[in-house]
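Each remark here refers to the structure printed beneath this line.
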Amino acid sequence: MAAIEVKHVTFSYNANQPDRTDVIKNLSLEIEEGSFVALVGHNGSGKSTLAKLLNGLLLPTKGEVRIFGNPTTDASKIYDIRRNVGMVFQNPDNQMIASIVEDDIAFGPENLGIEREEIIRRVDWALSKVGMLEHKKGTPFKMSGGQKQRLAIAGVLAIMPKVLVLDESTAMLDPQGRSEVLKVAHELNKEEKITVIHITHYMEEALGADRLIVMNDGEIAFDNTPAEVFTHNEELKKIKLAVPWDTQFAIALKKAGIDVGQPVKEEDLIDSLCQLL
Amino acid sequence: MRDISFGQYYPVKSFIHSLDARIKILVTFLFMISVFFIVSYTMFVFMYIALTIVIAVSHVPFKIVLKSIKGILFLLIFTAIINIFFTSTGNVLVPIHIGRVDMSITDQGINFAIKMAMRFTLLVLGSSILTFTTTPTELTDALEFLLKPLTYIKIPVHDLAIIMSIALRFIPGLVEETDKIMMAQKARGADIDSTNIFKKIKAMLPVLIPLFVSAFRRADELADALDARCYNASSKRTKMKVFKLRASDVIAFIAVVLFIVVIFLDKYLVTNLLVAPDLGGFEVQGLDICIYNLFRLVG
Amino acid sequence: MSVIIKNLSFTYSKNTPYEKKALDNINLEINEGDFLGIIGHTGSGKSTFIQHINGLIKPQEGEIEIFDIKLTSAKRPKVDLKALRSQVGMVFQYPEYQLFADTVEKDVAFGPKNLGLSADEIKERVKQAIEMVGLDYEAVKDRAPFELSGGQKRRVAIAGIIAMRPKMLILDEPTAGLDPYGKEQILNLIVHLKKHCSPTIVVISHDIDEITRFASRIVVFNDAKIMYDEPMKALFKHSNMLKEMGLDIPRAVKIANALRYKGFDISDDVVTAEDLLKEVVRLYNKKHNTAKSADGISFDLYDFSLKWGAEDILTPNATGEAQTSEPSHSSDINAACQDGDTAKKQNACTDVKDDETNHTEKDKTNDSRKQK
């Protein structure tokens, strides 16, 4: 069964005004349970709006979004939807509500009225999943962006979602923080079978994904495996996106008349260079 | 990166730090009331000795605790002046008459002034020990617990506690942000350090506007984050942390209650049992009477 | 010599349990014309350091000399901080968060106004600064800053600093939080500013691939101390130490190191993608006995056709050809930016499109400045 179904969705922030501008334009999409999907687009391409449509923070102007069969417009099911689709946002500083790590992680399950022993178990589990168990009693104040963002993921994990949406959660992090968050997301996908939708503007972060959806101007521009999408270098450039560095390097080499194929990862590039030189 | 400490919390480990915040709040509250029932210098001395021991046990340096008195120095001096010049009972030491107003300094006036100053100092020292040894988060949680009965008269104690908790969580960030914006505007030549008050107010606008914009942006994002974590999903909200009293909490509580009992005994029992000497308006109360008699016997 | 720093130390929250040493006996000279990159992990002291150069933090120990203005821990003589700040421009992280006025024009004018300039002069500078960052003055001047896109807001914020006409520009994480396209625009802008506005530039960045694109010299901060201060090409001899400090090394260096480890004869000088490209082509030619060339192949993520003065100036080249055209900015702007001569500035603004031909004049102005 598809975890998420987006059917002919149109969305605009000023739906009832004459100068209505659609941020999402008649977009349809299905996301399989257990998959790791990267959603890439430049700023203003509509990718964050799409994310907020997936857990009912925004409701479609036209069309329908279904989460495990439940339409997001059904107000009685909204908390079922939100506990199924956990969402982590961009700014690591604006998502924690408590000053002590464990109190913050417990916030979600407390809201759901879960029993105390179960909350304690979940807090430990969620923190160990993101590798932050030793900071349980700490405060987020002195932590790096990557650590804070992992805590934000743990806070969402504690409500035991089936789908995890990372809404540009790496955008404000340094390279190290980005790779920490990405690593956690991949582990959750593999070990806990959580469906991950990773929204980003870095093409490179799509490398390990099963599927790469490229958005432009409220529509889907590409939807395929990352390797396939990366072959469209010129088209991607036009929609303000850049293929990974290693692919880029191979393209430059090709201009000099040397063909190393289409490496997407550093190891691929090194291997093909070794064979060639 | 700048370190920002807010509130007064002094981060060391000690017996006092480890006590249950509810007990600490309760005990401080009782202590503050009882301070007004201290009448004898003997009890004041006992109280200061006890407080000195508590401060020593809390591992907060005396220098830092004493700094908190600085804030009420003006109040101390003001009440002392009132007491000294406007107490008419007791034996006149220095007669002062301004017009028809009698402002003579009496021994009883000085007596009142000293006792009042000692009370204020005790109040401030006692409450600062609470804030030095308890994190703002612990204080919030404990207050939420202690104020729970108010839910019966429809006061949303839990929501208030969440608001306070979020405020505490975001204050350091906003302070840091203010600092950054201030630096940025200073770098653009803004006169923030100007001593001219009008210039200063004008110069604060380029700081305040971005700060407000930023606070609203944060609030917006936080609202999304709260929603995403199912805030208000269930009417039966649970709590992970339950307060559990330990033996040390109970001992601390009993110790303080005993102290308070002694204070009351001193004021009501000792003063009434013993016959206070008649010193022409200068009052000797409580255990001070014993000491006075003792000196008279010896002398 | 623009900046001389001697034995500078700084500790936050001294004598409290929160005490933290941020700078420990720093010695550094920044020369006129330097394109200096500063790297270091969070909390290594680099932010505290640059705040000192702008007089935002008073030195606790040691002294700083910036364009003949001396900063020490002493209370007297009083330093003219405004004069200092007009010479050293500082662009903070996320500078768009500091915009406050209701129009772009007013916001950019804030700095020049604080310098006490005449209304005409302010207007002149604002117009020039907005154009310098690649926005259309007429189109944006009356718009509210919050209506603009993220990248445009950042450029407005940078214009606010440029309008003070600093001799030296410091940028703290200038590309943080932008998408790759926005990043590229800002990087191009920085290179442009170096050429045409501020001859000395200091950039703090986490992204080493970004810094190696333009820096001529790199200073590495680690635990409140300067660990390395090297010409850009020489820094990555210390790749292993940098990794130990938790710092990234450029991708081209990683690949060059891997190839060298496998026995290939790769030059030590490889830092940028272009360097690696040349080396790979050289080795390829050697082995296959060919004469391929990497000349003229640039490694730009986007092909910008720089049209300064247009609303969205840095639009990708529709044809997708690999070419980076020079910004067609008048070199007069350089003169105007540095010089107090009003006539010249008038010139700069009317003749923006006039290009290339003015090189001699630019040289002359440069010379005259040196003589001063």
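Following the order of the structure tokens, chains are lettered A, B, ..., residues in each are numbered from 1, and ligands are numbered from 1.
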
Self-check item: Test item: chain C residues at most 9 Å from chain B, counting only C-alpha atoms, as an MDAnalysis selection string
Solution: chainID C and resid 12:13 17:20 22 42:45 47:48 51 54:56 81:83 85:86 88:92 95 97:101 110:115 160:161 164

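Every chain A residue lying within 7 Å of chain B, based on only C-alpha atoms, is listed here: A:Tyr79, A:Arg82, A:Arg83, A:Gly86, A:Met87, A:Asn94, A:Gln95, A:Ile97, A:Ala98, A:Ser99, A:Ala106, A:Gly108, A:Glu110, A:Asn111, A:Leu112, A:Gly113, A:Ile114, A:Glu115, A:Arg116, A:Ile119, A:Ile120, A:Val156.
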
Practice problem: Taking only C-alpha atoms into account, report as a list in words which residues of chain C lie within 6 Å of chain A. | Solution: Gly177, Asp179, Tyr181, Tyr284, Ser293 and Ala294 of chain C

Exercise. Using only C-alpha atoms, determine which residues lie at most 8 Å from range 202-218 of chain C, disregarding the query and same-chain residues fewer than 3 positions distant; provide the list as a ChimeraX atom specification.
Key: /A:174-175 /C:34-41,46,168-174,187,191,228-233,235,248-251,271-272

Save the residues we just selected, C-alpha atoms, as an mmCIF file, in the first residue's frame?
data_model
loop_
_atom_site.group_PDB
_atom_site.id
_atom_site.type_symbol
_atom_site.label_atom_id
_atom_site.label_comp_id
_atom_site.auth_asym_id
_atom_site.auth_seq_id
_atom_site.Cartn_x
_atom_site.Cartn_y
_atom_site.Cartn_z
ATOM 1 C CA ASP A 174 27.511 22.688 8.322
ATOM 2 C CA PRO A 175 28.796 19.785 6.175
ATOM 3 C CA ASP C 34 44.604 39.932 0.924
ATOM 4 C CA PHE C 35 41.795 37.568 0.073
ATOM 5 C CA LEU C 36 41.845 35.812 3.402
ATOM 6 C CA GLY C 37 39.823 32.741 4.304
ATOM 7 C CA ILE C 38 39.294 31.804 7.944
ATOM 8 C CA ILE C 39 38.277 28.270 8.859
ATOM 9 C CA GLY C 40 37.791 26.459 12.142
ATOM 10 C CA HIS C 41 35.049 24.476 13.810
ATOM 11 C CA LYS C 46 37.063 32.802 14.691
ATOM 12 C CA MET C 168 38.242 46.077 4.059
ATOM 13 C CA LEU C 169 35.273 43.745 4.078
ATOM 14 C CA ILE C 170 34.705 40.900 6.522
ATOM 15 C CA LEU C 171 32.022 38.314 5.775
ATOM 16 C CA ASP C 172 30.945 35.693 8.312
ATOM 17 C CA GLU C 173 29.476 32.609 6.594
ATOM 18 C CA PRO C 174 28.127 34.681 3.705
ATOM 19 C CA LEU C 187 30.307 33.834 -4.199
ATOM 20 C CA VAL C 191 34.782 38.095 -6.127
ATOM 21 C CA TYR C 228 47.992 27.450 10.433
ATOM 22 C CA ASP C 229 48.455 30.572 8.410
ATOM 23 C CA GLU C 230 49.404 29.536 4.884
ATOM 24 C CA PRO C 231 49.011 30.509 1.266
ATOM 25 C CA MET C 232 45.926 28.659 0.021
ATOM 26 C CA LYS C 233 47.876 26.209 -2.147
ATOM 27 C CA LEU C 235 47.635 24.587 3.390
ATOM 28 C CA ASP C 248 36.965 19.248 5.821
ATOM 29 C CA ILE C 249 39.477 19.237 3.022
ATOM 30 C CA PRO C 250 38.553 20.160 -0.561
ATOM 31 C CA ARG C 251 37.132 17.403 -2.726
ATOM 32 C CA VAL C 271 43.512 22.244 -4.439
ATOM 33 C CA THR C 272 40.710 23.248 -6.781
#

Quiz item: Just how far from CA of Glu144 in chain B is CA of Asp159 in chain B, in Å to one decimal?
Solution: 9.6 Å

Self-check item: Who sits within 8 Å of range 34-45 of chain B, only C-alpha atoms, same chain under 4 positions skipped, as a PyMOL selection string
Solution: chain B and resi 30+49+115+118-119+122-123+260+263-264+266-267+284-288

Quiz item: Residues of range 177-299 of chain C in alpha helix (DSSP H) according to DSSP, as a VMD selection string?
Solution: chain C and resid 180 to 196 208 to 211 232 to 235 239 to 244 251 to 261 273 to 288

I need the chosen residues saved as a PDB file, in the first residue's frame, with C-alpha atoms.
ATOM      1  CA  PRO C 180      23.257  26.148  -4.194  1.00  0.00           C
ATOM      2  CA  TYR C 181      22.157  28.687  -6.752  1.00  0.00           C
ATOM      3  CA  GLY C 182      21.913  31.486  -4.195  1.00  0.00           C
ATOM      4  CA  LYS C 183      25.324  30.462  -2.850  1.00  0.00           C
ATOM      5  CA  GLU C 184      26.858  30.715  -6.267  1.00  0.00           C
ATOM      6  CA  GLN C 185      25.446  34.204  -6.708  1.00  0.00           C
ATOM      7  CA  ILE C 186      26.907  35.399  -3.419  1.00  0.00           C
ATOM      8  CA  LEU C 187      30.307  33.834  -4.199  1.00  0.00           C
ATOM      9  CA  ASN C 188      30.386  35.607  -7.531  1.00  0.00           C
ATOM     10  CA  LEU C 189      29.381  38.802  -5.801  1.00  0.00           C
ATOM     11  CA  ILE C 190      32.256  38.504  -3.326  1.00  0.00           C
ATOM     12  CA  VAL C 191      34.782  38.095  -6.127  1.00  0.00           C
ATOM     13  CA  HIS C 192      33.202  41.076  -7.832  1.00  0.00           C
ATOM     14  CA  LEU C 193      33.418  43.206  -4.673  1.00  0.00           C
ATOM     15  CA  LYS C 194      37.068  42.313  -4.250  1.00  0.00           C
ATOM     16  CA  LYS C 195      37.784  43.590  -7.753  1.00  0.00           C
ATOM     17  CA  HIS C 196      35.653  46.678  -7.675  1.00  0.00           C
ATOM     18  CA  ILE C 208      36.267  24.530   2.330  1.00  0.00           C
ATOM     19  CA  ASP C 209      35.357  23.936  -1.330  1.00  0.00           C
ATOM     20  CA  GLU C 210      33.825  27.371  -1.300  1.00  0.00           C
ATOM     21  CA  ILE C 211      36.815  29.091   0.304  1.00  0.00           C
ATOM     22  CA  MET C 232      45.926  28.659   0.021  1.00  0.00           C
ATOM     23  CA  LYS C 233      47.876  26.209  -2.147  1.00  0.00           C
ATOM     24  CA  ALA C 234      50.205  25.256   0.689  1.00  0.00           C
ATOM     25  CA  LEU C 235      47.635  24.587   3.390  1.00  0.00           C
ATOM     26  CA  SER C 239      45.458  17.441   5.298  1.00  0.00           C
ATOM     27  CA  ASN C 240      45.816  14.864   8.049  1.00  0.00           C
ATOM     28  CA  MET C 241      46.065  17.439  10.821  1.00  0.00           C
ATOM     29  CA  LEU C 242      43.082  19.338   9.419  1.00  0.00           C
ATOM     30  CA  LYS C 243      41.039  16.144   9.416  1.00  0.00           C
ATOM     31  CA  GLU C 244      42.072  15.521  13.011  1.00  0.00           C
ATOM     32  CA  ARG C 251      37.132  17.403  -2.726  1.00  0.00           C
ATOM     33  CA  ALA C 252      39.871  17.777  -5.302  1.00  0.00           C
ATOM     34  CA  VAL C 253      42.458  17.319  -2.539  1.00  0.00           C
ATOM     35  CA  LYS C 254      40.681  14.197  -1.300  1.00  0.00           C
ATOM     36  CA  ILE C 255      40.747  12.683  -4.771  1.00  0.00           C
ATOM     37  CA  ALA C 256      44.330  13.769  -5.404  1.00  0.00           C
ATOM     38  CA  ASN C 257      45.366  12.213  -2.076  1.00  0.00           C
ATOM     39  CA  ALA C 258      43.555   8.986  -2.933  1.00  0.00           C
ATOM     40  CA  LEU C 259      45.243   8.812  -6.335  1.00  0.00           C
ATOM     41  CA  ARG C 260      48.637   9.601  -4.853  1.00  0.00           C
ATOM     42  CA  TYR C 261      48.107   6.882  -2.282  1.00  0.00           C
ATOM     43  CA  ALA C 273      38.736  21.254  -9.314  1.00  0.00           C
ATOM     44  CA  GLU C 274      40.565  23.073 -12.105  1.00  0.00           C
ATOM     45  CA  ASP C 275      43.922  21.988 -10.644  1.00  0.00           C
ATOM     46  CA  LEU C 276      42.804  18.383 -10.501  1.00  0.00           C
ATOM     47  CA  LEU C 277      41.431  18.587 -14.008  1.00  0.00           C
ATOM     48  CA  LYS C 278      44.808  19.778 -15.307  1.00  0.00           C
ATOM     49  CA  GLU C 279      46.671  17.046 -13.453  1.00  0.00           C
ATOM     50  CA  VAL C 280      44.341  14.308 -14.666  1.00  0.00           C
ATOM     51  CA  VAL C 281      44.680  15.555 -18.231  1.00  0.00           C
ATOM     52  CA  ARG C 282      48.487  15.708 -17.846  1.00  0.00           C
ATOM     53  CA  LEU C 283      48.665  12.115 -16.549  1.00  0.00           C
ATOM     54  CA  TYR C 284      46.265  10.958 -19.230  1.00  0.00           C
ATOM     55  CA  ASN C 285      48.364  12.552 -21.948  1.00  0.00           C
ATOM     56  CA  LYS C 286      51.494  10.970 -20.494  1.00  0.00           C
ATOM     57  CA  LYS C 287      50.039   7.473 -20.440  1.00  0.00           C
ATOM     58  CA  HIS C 288      48.103   7.543 -23.693  1.00  0.00           C
TER      59      HIS C 288
END

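Considering only C-alpha atoms, the residue among A:Asp124, A:Glu204, A:Asp104, A:Glu30 positioned nearest to Leu151 in chain A is A:Asp104.
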